[in-house]
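Data file: entry_15.txt. Format and content: compact mmCIF, C-alpha atoms.
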```
# COMPACT_ATOMS: atom_id res chain seq x y z
CA MET A 128 6.88 -26.22 -15.40
CA PRO A 129 6.29 -29.17 -17.75
CA GLY A 130 2.72 -30.45 -17.88
CA PRO A 131 1.77 -33.93 -16.67
CA LEU A 132 1.56 -35.18 -20.27
CA GLU A 133 4.87 -33.68 -21.40
CA GLY A 134 6.51 -36.18 -23.76
CA LYS A 135 3.26 -38.02 -24.41
CA VAL A 136 1.75 -38.32 -27.89
CA ALA A 137 -1.99 -38.32 -28.57
CA LEU A 138 -4.10 -38.81 -31.66
CA VAL A 139 -7.54 -37.22 -31.54
CA ALA A 140 -9.35 -38.61 -34.55
CA GLY A 141 -12.16 -36.23 -35.38
CA ALA A 142 -10.85 -33.05 -33.74
CA THR A 143 -12.19 -30.38 -36.07
CA ARG A 144 -14.84 -29.13 -33.65
CA GLY A 145 -17.01 -30.09 -30.70
CA ALA A 146 -15.80 -32.68 -28.20
CA GLY A 147 -12.78 -33.58 -30.33
CA ARG A 148 -11.52 -30.03 -30.29
CA GLY A 149 -12.14 -29.67 -26.56
CA ILE A 150 -10.25 -32.90 -25.87
CA ALA A 151 -7.31 -31.92 -28.09
CA VAL A 152 -6.98 -28.54 -26.39
CA GLU A 153 -7.06 -29.98 -22.88
CA LEU A 154 -4.48 -32.63 -23.77
CA GLY A 155 -2.33 -29.82 -25.14
CA ALA A 156 -2.79 -27.81 -21.95
CA ALA A 157 -1.33 -30.80 -20.11
CA GLY A 158 1.73 -30.69 -22.36
CA ALA A 159 0.99 -33.42 -24.88
CA THR A 160 1.86 -33.48 -28.56
CA VAL A 161 -1.55 -33.88 -30.20
CA TYR A 162 -2.19 -35.04 -33.75
CA VAL A 163 -5.58 -33.71 -34.78
CA THR A 164 -7.41 -35.12 -37.76
CA GLY A 165 -10.55 -34.42 -39.72
CA ARG A 166 -11.82 -33.64 -43.19
CA THR A 167 -12.16 -29.87 -42.95
CA THR A 168 -9.04 -27.82 -43.60
CA ARG A 169 -8.35 -24.21 -44.47
CA ALA A 170 -8.09 -25.32 -48.08
CA ARG A 171 -11.08 -27.67 -48.21
CA ARG A 172 -14.38 -27.93 -46.38
CA SER A 173 -16.04 -31.25 -45.69
CA ASP A 174 -19.69 -32.02 -46.42
CA TYR A 175 -20.49 -30.31 -43.10
CA ASP A 176 -19.65 -27.02 -44.85
CA ARG A 177 -18.67 -25.38 -41.58
CA PRO A 178 -15.81 -22.94 -40.91
CA GLU A 179 -13.94 -24.85 -38.18
CA THR A 180 -10.71 -26.49 -39.39
CA ILE A 181 -8.17 -28.95 -38.03
CA GLU A 182 -5.49 -26.27 -38.43
CA ASP A 183 -7.48 -24.03 -36.08
CA THR A 184 -7.62 -26.85 -33.56
CA ALA A 185 -3.88 -27.48 -33.84
CA ASP A 186 -3.20 -23.79 -33.25
CA LEU A 187 -5.35 -23.85 -30.12
CA VAL A 188 -3.43 -26.88 -28.84
CA THR A 189 -0.14 -25.09 -29.34
CA ALA A 190 -1.43 -21.87 -27.79
CA VAL A 191 -2.18 -23.58 -24.47
CA GLY A 192 1.24 -25.16 -24.19
CA GLY A 193 1.11 -28.37 -26.17
CA ARG A 194 2.13 -29.09 -29.73
CA GLY A 195 -0.69 -29.38 -32.22
CA VAL A 196 -0.17 -31.19 -35.50
CA ALA A 197 -2.97 -31.07 -38.06
CA VAL A 198 -3.17 -34.00 -40.49
CA PRO A 199 -6.08 -34.05 -42.96
CA THR A 200 -7.48 -37.57 -42.83
CA ASP A 201 -10.58 -39.36 -44.07
CA HIS A 202 -10.90 -42.16 -41.52
CA LEU A 203 -13.05 -44.18 -43.91
CA ASP A 204 -9.95 -44.61 -46.07
CA PRO A 205 -7.74 -47.34 -44.57
CA SER A 206 -4.73 -46.27 -46.60
CA ALA A 207 -5.03 -42.70 -45.35
CA VAL A 208 -5.24 -43.88 -41.74
CA ARG A 209 -2.28 -46.18 -42.25
CA SER A 210 -0.28 -43.24 -43.62
CA LEU A 211 -1.31 -41.13 -40.63
CA VAL A 212 -0.08 -43.75 -38.16
CA ASP A 213 3.13 -44.25 -40.15
CA ARG A 214 3.75 -40.52 -39.89
CA ILE A 215 3.22 -40.50 -36.13
CA ASP A 216 5.57 -43.46 -35.83
CA GLU A 217 8.23 -41.79 -37.97
CA GLU A 218 7.99 -38.43 -36.18
CA GLN A 219 7.38 -39.59 -32.60
CA GLY A 220 8.06 -43.32 -32.37
CA ARG A 221 5.18 -43.72 -29.97
CA LEU A 222 1.46 -43.24 -29.40
CA ASP A 223 0.18 -42.98 -25.84
CA ILE A 224 -3.42 -41.82 -26.23
CA LEU A 225 -5.94 -42.58 -28.97
CA VAL A 226 -9.27 -40.77 -28.93
CA ASN A 227 -11.76 -42.12 -31.47
CA ASP A 228 -14.14 -39.17 -31.80
CA ILE A 229 -15.11 -39.43 -35.47
CA TRP A 230 -18.81 -38.81 -36.00
CA GLY A 231 -19.86 -36.69 -38.98
CA GLY A 232 -23.51 -37.71 -38.77
CA GLU A 233 -25.24 -34.47 -37.77
CA HIS A 234 -27.11 -34.18 -41.08
CA LEU A 235 -27.71 -37.88 -41.62
CA PHE A 236 -30.36 -38.84 -39.05
CA ALA A 237 -34.03 -37.97 -38.63
CA TRP A 238 -35.61 -37.77 -35.18
CA ASP A 239 -38.26 -40.36 -34.28
CA THR A 240 -38.31 -41.78 -37.80
CA PRO A 241 -38.64 -45.58 -38.03
CA VAL A 242 -36.09 -47.48 -40.05
CA TRP A 243 -38.48 -48.17 -42.93
CA GLU A 244 -39.18 -44.46 -43.36
CA HIS A 245 -35.62 -43.23 -42.75
CA ASP A 246 -33.45 -42.38 -45.74
CA LEU A 247 -31.48 -45.62 -46.16
CA ASP A 248 -28.43 -44.11 -47.83
CA LYS A 249 -28.09 -41.52 -45.06
CA GLY A 250 -28.57 -44.13 -42.36
CA LEU A 251 -25.93 -46.43 -43.78
CA ARG A 252 -23.56 -43.50 -44.31
CA LEU A 253 -24.06 -42.56 -40.64
CA LEU A 254 -23.10 -46.08 -39.56
CA ARG A 255 -20.00 -46.03 -41.73
CA LEU A 256 -18.89 -42.67 -40.34
CA ALA A 257 -19.69 -43.43 -36.70
CA VAL A 258 -18.64 -47.08 -36.47
CA GLU A 259 -16.47 -48.16 -39.39
CA THR A 260 -14.09 -45.22 -38.96
CA HIS A 261 -13.43 -46.19 -35.34
CA ALA A 262 -12.66 -49.78 -36.32
CA ILE A 263 -10.31 -48.71 -39.12
CA THR A 264 -8.48 -46.27 -36.86
CA SER A 265 -8.06 -48.77 -34.04
CA HIS A 266 -6.86 -51.45 -36.45
CA HIS A 267 -4.01 -49.28 -37.70
CA ALA A 268 -3.17 -47.28 -34.57
CA LEU A 269 -3.23 -49.86 -31.79
CA PRO A 270 0.00 -51.69 -32.71
CA LEU A 271 1.86 -48.41 -32.22
CA LEU A 272 0.00 -47.63 -28.99
CA LEU A 273 0.80 -51.09 -27.60
CA ARG A 274 4.56 -50.70 -28.02
CA ARG A 275 4.72 -49.09 -24.58
CA PRO A 276 2.68 -50.10 -21.54
CA GLY A 277 0.07 -47.73 -20.18
CA GLY A 278 -1.65 -46.67 -23.40
CA LEU A 279 -5.19 -45.28 -23.30
CA VAL A 280 -7.97 -45.59 -25.89
CA VAL A 281 -11.07 -43.42 -25.50
CA GLU A 282 -14.13 -44.29 -27.58
CA MET A 283 -16.34 -41.21 -27.70
CA THR A 284 -20.08 -41.75 -27.87
CA ASP A 285 -23.39 -40.20 -26.80
CA GLY A 286 -24.96 -41.70 -23.71
CA THR A 287 -23.81 -44.05 -20.99
CA ALA A 288 -24.27 -47.81 -21.30
CA ASP A 289 -26.99 -47.71 -18.62
CA TYR A 290 -28.88 -44.84 -20.24
CA ASN A 291 -28.67 -46.20 -23.78
CA ARG A 292 -29.70 -49.69 -22.65
CA ASP A 293 -33.04 -48.39 -21.38
CA THR A 294 -33.64 -45.43 -23.71
CA TYR A 295 -34.47 -45.22 -27.42
CA ARG A 296 -31.94 -42.79 -28.83
CA VAL A 297 -33.33 -40.61 -31.63
CA SER A 298 -33.73 -43.23 -34.38
CA PHE A 299 -32.72 -46.76 -35.38
CA PHE A 300 -29.48 -45.66 -37.04
CA TYR A 301 -28.46 -43.19 -34.34
CA ASP A 302 -29.27 -45.65 -31.57
CA LEU A 303 -27.29 -48.41 -33.27
CA ALA A 304 -24.28 -46.18 -33.90
CA LYS A 305 -23.95 -44.92 -30.34
CA SER A 306 -24.54 -48.33 -28.78
CA SER A 307 -21.99 -49.90 -31.13
CA VAL A 308 -19.28 -47.53 -29.92
CA LEU A 309 -20.06 -48.45 -26.31
CA ARG A 310 -19.59 -52.10 -27.19
CA MET A 311 -16.36 -51.28 -29.03
CA ALA A 312 -14.85 -49.98 -25.81
CA PHE A 313 -15.97 -53.10 -23.97
CA ALA A 314 -14.40 -55.37 -26.60
CA LEU A 315 -11.20 -53.32 -26.76
CA GLY A 316 -10.95 -53.53 -23.00
CA HIS A 317 -10.78 -57.31 -23.28
CA GLU A 318 -8.17 -57.15 -26.02
CA LEU A 319 -6.02 -54.36 -24.61
CA GLY A 320 -6.16 -55.03 -20.88
CA PRO A 321 -3.95 -58.14 -20.91
CA ARG A 322 -1.51 -56.24 -23.13
CA GLY A 323 -1.00 -53.36 -20.72
CA ALA A 324 -3.40 -50.77 -22.16
CA THR A 325 -6.83 -49.43 -21.20
CA ALA A 326 -9.95 -48.76 -23.27
CA VAL A 327 -13.00 -46.83 -22.12
CA ALA A 328 -16.17 -45.39 -23.60
CA LEU A 329 -16.74 -41.75 -22.70
CA THR A 330 -19.72 -39.48 -23.25
CA PRO A 331 -20.09 -35.76 -22.68
CA GLY A 332 -23.39 -34.44 -21.46
CA TRP A 333 -25.44 -31.86 -23.37
CA LEU A 334 -22.56 -30.39 -25.30
CA ARG A 335 -22.34 -26.70 -26.17
CA SER A 336 -20.60 -27.47 -29.43
CA GLU A 337 -20.27 -24.93 -32.20
CA ILE A 338 -23.18 -26.57 -34.03
CA MET A 339 -25.41 -26.63 -30.95
CA LEU A 340 -24.73 -22.97 -30.17
CA ASP A 341 -25.56 -22.04 -33.77
CA GLN A 342 -28.80 -24.01 -33.63
CA PHE A 343 -29.88 -22.06 -30.57
CA GLY A 344 -28.69 -18.74 -32.00
CA VAL A 345 -26.28 -18.04 -29.15
CA ARG A 346 -22.54 -17.92 -28.46
CA GLU A 347 -20.54 -19.38 -25.62
CA ASP A 348 -20.48 -16.00 -23.86
CA ASN A 349 -24.28 -15.66 -23.88
CA TRP A 350 -25.49 -19.27 -24.04
CA ARG A 351 -27.89 -18.75 -21.16
CA ASP A 352 -30.01 -16.56 -23.46
CA ALA A 353 -31.32 -19.85 -24.92
CA LEU A 354 -32.81 -20.98 -21.62
CA ASP A 355 -36.08 -19.11 -22.15
CA ARG A 356 -36.75 -21.39 -25.13
CA VAL A 357 -34.95 -24.55 -23.94
CA PRO A 358 -34.87 -24.48 -20.12
CA HIS A 359 -33.14 -27.85 -19.74
CA PHE A 360 -30.18 -26.46 -21.69
CA ALA A 361 -29.11 -25.15 -18.29
CA ILE A 362 -27.39 -28.51 -17.67
CA SER A 363 -25.18 -28.13 -20.76
CA GLU A 364 -21.39 -28.14 -20.72
CA THR A 365 -18.48 -26.89 -22.80
CA PRO A 366 -16.37 -29.26 -24.93
CA ARG A 367 -13.45 -28.53 -22.62
CA TYR A 368 -15.24 -30.34 -19.77
CA VAL A 369 -15.04 -33.72 -21.48
CA GLY A 370 -11.51 -32.76 -22.53
CA ARG A 371 -10.61 -32.46 -18.87
CA ALA A 372 -12.14 -35.89 -18.31
CA VAL A 373 -9.82 -37.39 -20.94
CA THR A 374 -6.81 -35.61 -19.46
CA ALA A 375 -7.70 -36.89 -15.99
CA LEU A 376 -7.84 -40.43 -17.34
CA ALA A 377 -4.60 -40.01 -19.27
CA THR A 378 -2.73 -38.81 -16.18
CA ASP A 379 -4.16 -41.42 -13.80
CA PRO A 380 -1.54 -44.09 -13.01
CA GLN A 381 -4.41 -46.38 -12.03
CA VAL A 382 -6.53 -45.78 -15.12
CA ALA A 383 -6.76 -49.54 -15.72
CA ARG A 384 -9.46 -49.64 -13.02
CA TRP A 385 -11.83 -48.20 -15.66
CA ASN A 386 -10.92 -50.69 -18.39
CA GLY A 387 -13.86 -51.61 -20.63
CA GLN A 388 -16.27 -49.34 -18.76
CA SER A 389 -18.73 -46.67 -19.85
CA LEU A 390 -17.91 -43.27 -18.34
CA SER A 391 -19.22 -39.70 -18.51
CA SER A 392 -17.70 -36.29 -17.99
CA GLY A 393 -20.16 -35.53 -15.21
CA GLY A 394 -19.51 -38.84 -13.51
CA LEU A 395 -15.73 -38.46 -13.58
CA ALA A 396 -15.60 -34.83 -12.44
CA PRO A 397 -16.11 -35.49 -8.71
CA VAL A 398 -13.76 -38.49 -8.85
CA TYR A 399 -10.86 -36.50 -10.28
CA GLY A 400 -11.78 -33.05 -9.00
CA PHE A 401 -11.98 -31.18 -12.31
CA THR A 402 -14.64 -28.65 -13.29
CA ASP A 403 -16.01 -27.06 -16.42
CA LEU A 404 -14.62 -23.66 -17.45
CA ASP A 405 -17.10 -21.84 -15.22
CA GLY A 406 -16.14 -23.86 -12.14
CA SER A 407 -19.30 -26.00 -12.16
CA ARG A 408 -19.63 -29.78 -12.46
CA PRO A 409 -22.69 -30.52 -14.63
CA ASP A 410 -23.89 -34.12 -14.40
CA ALA A 411 -26.16 -34.27 -17.42
CA TRP A 412 -26.93 -37.99 -17.51
CA ARG A 413 -28.11 -38.09 -13.91
CA TYR A 414 -30.14 -34.93 -14.60
CA LEU A 415 -31.79 -36.50 -17.65
CA VAL A 416 -32.92 -39.54 -15.68
CA GLU A 417 -34.02 -37.72 -12.54
CA VAL A 418 -35.41 -34.48 -13.98
CA GLN A 419 -35.81 -34.05 -17.74
CA ASP A 420 -37.05 -37.51 -18.72
CA LEU A 421 -39.60 -37.44 -15.88
CA GLY A 422 -41.09 -34.24 -17.26
CA LYS A 423 -40.09 -32.14 -14.27
CA PRO A 424 -39.42 -28.39 -14.63
CA ALA A 425 -35.84 -27.45 -15.37
CA ASP A 426 -33.86 -27.10 -12.17
CA VAL A 427 -30.14 -27.86 -12.12
CA THR A 428 -29.80 -27.44 -8.36
CA GLY A 429 -27.60 -30.30 -7.20
CA TYR A 430 -26.69 -31.28 -10.76
CA ARG A 431 -23.98 -28.75 -11.67
```
The structure given in the file should be rewritten as structure tokens.
Amino acid sequence: MPGPLEGKVALVAGATRGAGRGIAVELGAAGATVYVTGRTTRARRSDYDRPETIEDTADLVTAVGGRGVAVPTDHLDPSAVRSLVDRIDEEQGRLDILVNDIWGGEHLFAWDTPVWEHDLDKGLRLLRLAVETHAITSHHALPLLLRRPGGLVVEMTDGTADYNRDTYRVSFFYDLAKSSVLRMAFALGHELGPRGATAVALTPGWLRSEIMLDQFGVREDNWRDALDRVPHFAISETPRYVGRAVTALATDPQVARWNGQSLSSGGLAPVYGFTDLDGSRPDAWRYLVEVQDLGKPADVTGYR
């Protein structure tokens, strides 16, 4: 049977690993053709120097029933992004879903370091990677997305608008980057809504990305071994969970009700009825406010 996104075309910008990979795979599982971009390929590693590649992501998309197309792209290069969109137009003639998930800042921020002590070059590089890339990609991709009514733009960030409004996030540069993406979705909602498309900001919870699992010295199949050292990690989720959130939005004929809003995987799960791979529904941002940030002992009862 064809999937609900059969015939639809998605671009997941920043799909090498983490949330981007999880989103690309879930869109593929729903039948979409998914263009996956990033800077790490089987022939060339990015400055992350990690083994995941966009070709691997494309293969995963195809394996679950979609069609994955890997296109190496530096989203800081407007000409490269323009070429990417021209290729999608030439090959597909349409773009239905744009996911702006470019980040690349894992090694560029320092925790609890004030702006005057933070490495300035790294901080400015983080802002370029986390904010400028999204603007460049939207500038070039949105005319194609707007050709047909019903397009969806998902701005991926870390933290909901409510949480980030009241909470200092890591450092000046990190805080500014994540809040800027939230505002991007709000602004795009105003620009796209009257033109028949929808823009939202979306955050996963505590993501069990490849990098996070490595930091804790565990794998996906034994991630709970990290709970002795980091008990609150019990609220964490797989990248596929937020991927299912994107798919739910992309298949919702009334998705415009969310236009311009800040959403989370845990908040959308009960609305649309999806779960994480283990059948649970972790709601990390509610847990942070009601348990972790209050200094309470780790207890995910009622939160997943």
What are the centre and the three edge lengths of an axis-aligned box that wraps all atoms of range 261-266 of chain A in the file, given that 3 Å is added to every side, written as lines of an AutoDock Vina configuration file and rounded to one decimal in Å?
```
center_x = -10.1
center_y = -48.8
center_z = -36.6
size_x = 12.6
size_y = 11.3
size_z = 11.1
```
Min atom-atom distance to Pro409 in chain A from the set A:Pro331, A:Gly231, A:Pro129, A:Pro424, counting only C-alpha atoms, belongs to A:Pro331
For range 332-336 of chain A, work out the shell of residues within 6 Å, counting all atoms listed in the file and skipping chain neighbours fewer than 5 positions away, then give it as a ChimeraX atom specification. /A:145,363-365,411
Which residues come within 7 Å of range 243-259 of chain A, counting only C-alpha atoms, excluding same-chain residues fewer than 4 positions away, as a list of chain:residue names? A:Leu203, A:Ile229, A:Trp230, A:Gly231, A:Gly232, A:Leu235, A:Phe236, A:Ala237, A:Ile263, A:Phe300, A:Ala304, A:Ser307, A:Val308
How about saving the chosen residues, C-alpha atoms kept, as a short mmCIF file (atom, residue, chain, number, x, y, z; two decimals), in the coordinates of the input?
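That gives us again19.cif:
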```cif
data_model
loop_
_atom_site.label_atom_id
_atom_site.label_comp_id
_atom_site.auth_asym_id
_atom_site.auth_seq_id
_atom_site.Cartn_x
_atom_site.Cartn_y
_atom_site.Cartn_z
CA LEU A 203 -13.05 -44.18 -43.91
CA ILE A 229 -15.11 -39.43 -35.47
CA TRP A 230 -18.81 -38.81 -36.00
CA GLY A 231 -19.86 -36.69 -38.98
CA GLY A 232 -23.51 -37.71 -38.77
CA LEU A 235 -27.71 -37.88 -41.62
CA PHE A 236 -30.36 -38.84 -39.05
CA ALA A 237 -34.03 -37.97 -38.63
CA ILE A 263 -10.31 -48.71 -39.12
CA PHE A 300 -29.48 -45.66 -37.04
CA ALA A 304 -24.28 -46.18 -33.90
CA SER A 307 -21.99 -49.90 -31.13
CA VAL A 308 -19.28 -47.53 -29.92
#
```
Any idea what's packed within 8 Å of Arg367 in chain A, counting only C-alpha atoms, ignoring anything in its chain fewer than 4 positions away? Could you give it as a PDB file with C-alpha atoms, in the frame of the given file?
```pdb
ATOM      1  CA  ALA A 146     -15.800 -32.680 -28.200  1.00  0.00           C
ATOM      2  CA  GLY A 149     -12.140 -29.670 -26.560  1.00  0.00           C
ATOM      3  CA  ILE A 150     -10.250 -32.900 -25.870  1.00  0.00           C
ATOM      4  CA  VAL A 152      -6.980 -28.540 -26.390  1.00  0.00           C
ATOM      5  CA  GLU A 153      -7.060 -29.980 -22.880  1.00  0.00           C
ATOM      6  CA  ARG A 371     -10.610 -32.460 -18.870  1.00  0.00           C
ATOM      7  CA  ASP A 403     -16.010 -27.060 -16.420  1.00  0.00           C
ATOM      8  CA  LEU A 404     -14.620 -23.660 -17.450  1.00  0.00           C
TER       9      LEU A 404
END
```
Please provide the set of residues having any atom within 7 Å of Val226 in chain A, restricted to only C-alpha atoms, with same-chain residues fewer than 6 positions apart removed, written as a short mmCIF file (atom, residue, chain, number, x, y, z; two decimals) with C-alpha atoms, in the frame of the given file.
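So part01.cif came out as:
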```
data_model
loop_
_atom_site.label_atom_id
_atom_site.label_comp_id
_atom_site.auth_asym_id
_atom_site.auth_seq_id
_atom_site.Cartn_x
_atom_site.Cartn_y
_atom_site.Cartn_z
CA LEU A 138 -4.10 -38.81 -31.66
CA VAL A 139 -7.54 -37.22 -31.54
CA ALA A 140 -9.35 -38.61 -34.55
CA VAL A 280 -7.97 -45.59 -25.89
CA VAL A 281 -11.07 -43.42 -25.50
CA GLU A 282 -14.13 -44.29 -27.58
#
```
Just the residues within 12 Å of Gly286 in chain A, please, counting all atoms listed in the file, with nothing from its chain fewer than 6 positions along; format it as a ChimeraX atom specification. /A:292-297,301-309,328-334,389-394,411-413,415-416
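Counting all atoms listed in the file and comparing A:Val369, A:His359, A:Val212, A:Val198, the residue that lies closest to Thr428 in chain A is A:His359.
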Where atoms are missing, can you supply all heavy atoms for range 269-278 of chain A and output the lot as a PDB file, in the coordinates of the input?
```pdb
ATOM      1  N   LEU A 269      -3.493 -49.147 -33.045  1.00  0.00           N
ATOM      2  CA  LEU A 269      -3.230 -49.860 -31.790  1.00  0.00           C
ATOM      3  C   LEU A 269      -1.878 -50.564 -31.733  1.00  0.00           C
ATOM      4  O   LEU A 269      -1.272 -50.625 -30.654  1.00  0.00           O
ATOM      5  CB  LEU A 269      -4.372 -50.826 -31.485  1.00  0.00           C
ATOM      6  CG  LEU A 269      -5.685 -50.142 -31.107  1.00  0.00           C
ATOM      7  CD1 LEU A 269      -6.742 -51.164 -30.735  1.00  0.00           C
ATOM      8  CD2 LEU A 269      -5.487 -49.150 -29.973  1.00  0.00           C
ATOM      9  N   PRO A 270      -1.347 -51.116 -32.822  1.00  0.00           N
ATOM     10  CA  PRO A 270       0.000 -51.690 -32.710  1.00  0.00           C
ATOM     11  C   PRO A 270       1.040 -50.689 -32.230  1.00  0.00           C
ATOM     12  O   PRO A 270       1.939 -51.036 -31.454  1.00  0.00           O
ATOM     13  CB  PRO A 270       0.284 -52.188 -34.130  1.00  0.00           C
ATOM     14  CG  PRO A 270      -1.063 -52.504 -34.686  1.00  0.00           C
ATOM     15  CD  PRO A 270      -1.955 -51.420 -34.138  1.00  0.00           C
ATOM     16  N   LEU A 271       0.929 -49.440 -32.677  1.00  0.00           N
ATOM     17  CA  LEU A 271       1.860 -48.410 -32.220  1.00  0.00           C
ATOM     18  C   LEU A 271       1.598 -48.072 -30.756  1.00  0.00           C
ATOM     19  O   LEU A 271       2.534 -47.925 -29.956  1.00  0.00           O
ATOM     20  CB  LEU A 271       1.724 -47.154 -33.089  1.00  0.00           C
ATOM     21  CG  LEU A 271       2.620 -45.967 -32.735  1.00  0.00           C
ATOM     22  CD1 LEU A 271       4.093 -46.367 -32.700  1.00  0.00           C
ATOM     23  CD2 LEU A 271       2.391 -44.810 -33.707  1.00  0.00           C
ATOM     24  N   LEU A 272       0.336 -47.956 -30.379  1.00  0.00           N
ATOM     25  CA  LEU A 272       0.000 -47.630 -28.990  1.00  0.00           C
ATOM     26  C   LEU A 272       0.487 -48.733 -28.029  1.00  0.00           C
ATOM     27  O   LEU A 272       0.909 -48.454 -26.912  1.00  0.00           O
ATOM     28  CB  LEU A 272      -1.501 -47.424 -28.861  1.00  0.00           C
ATOM     29  CG  LEU A 272      -2.021 -47.032 -27.479  1.00  0.00           C
ATOM     30  CD1 LEU A 272      -3.047 -45.901 -27.585  1.00  0.00           C
ATOM     31  CD2 LEU A 272      -2.688 -48.236 -26.781  1.00  0.00           C
ATOM     32  N   LEU A 273       0.449 -49.966 -28.473  1.00  0.00           N
ATOM     33  CA  LEU A 273       0.800 -51.090 -27.600  1.00  0.00           C
ATOM     34  C   LEU A 273       2.309 -51.299 -27.454  1.00  0.00           C
ATOM     35  O   LEU A 273       2.729 -52.156 -26.677  1.00  0.00           O
ATOM     36  CB  LEU A 273       0.158 -52.372 -28.126  1.00  0.00           C
ATOM     37  CG  LEU A 273      -1.349 -52.499 -27.880  1.00  0.00           C
ATOM     38  CD1 LEU A 273      -1.916 -53.674 -28.654  1.00  0.00           C
ATOM     39  CD2 LEU A 273      -1.651 -52.629 -26.397  1.00  0.00           C
ATOM     40  N   ARG A 274       3.115 -50.546 -28.153  1.00  0.00           N
ATOM     41  CA  ARG A 274       4.560 -50.700 -28.020  1.00  0.00           C
ATOM     42  C   ARG A 274       5.041 -50.385 -26.604  1.00  0.00           C
ATOM     43  O   ARG A 274       6.024 -50.925 -26.141  1.00  0.00           O
ATOM     44  CB  ARG A 274       5.284 -49.775 -29.003  1.00  0.00           C
ATOM     45  CG  ARG A 274       5.391 -50.336 -30.387  1.00  0.00           C
ATOM     46  CD  ARG A 274       6.393 -49.531 -31.169  1.00  0.00           C
ATOM     47  NE  ARG A 274       6.159 -49.646 -32.593  1.00  0.00           N
ATOM     48  CZ  ARG A 274       6.640 -48.811 -33.497  1.00  0.00           C
ATOM     49  NH1 ARG A 274       7.367 -47.772 -33.078  1.00  0.00           N
ATOM     50  NH2 ARG A 274       6.394 -48.980 -34.779  1.00  0.00           N
ATOM     51  N   ARG A 275       4.356 -49.472 -25.952  1.00  0.00           N
ATOM     52  CA  ARG A 275       4.720 -49.090 -24.580  1.00  0.00           C
ATOM     53  C   ARG A 275       3.541 -49.390 -23.665  1.00  0.00           C
ATOM     54  O   ARG A 275       2.389 -49.177 -24.046  1.00  0.00           O
ATOM     55  CB  ARG A 275       5.055 -47.594 -24.497  1.00  0.00           C
ATOM     56  CG  ARG A 275       6.249 -47.175 -25.337  1.00  0.00           C
ATOM     57  CD  ARG A 275       6.348 -45.664 -25.399  1.00  0.00           C
ATOM     58  NE  ARG A 275       7.445 -45.231 -26.247  1.00  0.00           N
ATOM     59  CZ  ARG A 275       8.638 -44.874 -25.807  1.00  0.00           C
ATOM     60  NH1 ARG A 275       8.887 -44.883 -24.510  1.00  0.00           N
ATOM     61  NH2 ARG A 275       9.583 -44.489 -26.647  1.00  0.00           N
ATOM     62  N   PRO A 276       3.781 -49.849 -22.469  1.00  0.00           N
ATOM     63  CA  PRO A 276       2.680 -50.100 -21.540  1.00  0.00           C
ATOM     64  C   PRO A 276       2.025 -48.800 -21.097  1.00  0.00           C
ATOM     65  O   PRO A 276       2.653 -47.735 -21.111  1.00  0.00           O
ATOM     66  CB  PRO A 276       3.360 -50.811 -20.359  1.00  0.00           C
ATOM     67  CG  PRO A 276       4.790 -50.362 -20.425  1.00  0.00           C
ATOM     68  CD  PRO A 276       5.101 -50.178 -21.883  1.00  0.00           C
ATOM     69  N   GLY A 277       0.765 -48.885 -20.738  1.00  0.00           N
ATOM     70  CA  GLY A 277       0.070 -47.730 -20.180  1.00  0.00           C
ATOM     71  C   GLY A 277      -0.739 -46.922 -21.176  1.00  0.00           C
ATOM     72  O   GLY A 277      -1.259 -45.860 -20.831  1.00  0.00           O
ATOM     73  N   GLY A 278      -0.882 -47.406 -22.407  1.00  0.00           N
ATOM     74  CA  GLY A 278      -1.650 -46.670 -23.400  1.00  0.00           C
ATOM     75  C   GLY A 278      -3.122 -46.575 -23.051  1.00  0.00           C
ATOM     76  O   GLY A 278      -3.676 -47.412 -22.340  1.00  0.00           O
TER      77      GLY A 278
END
```
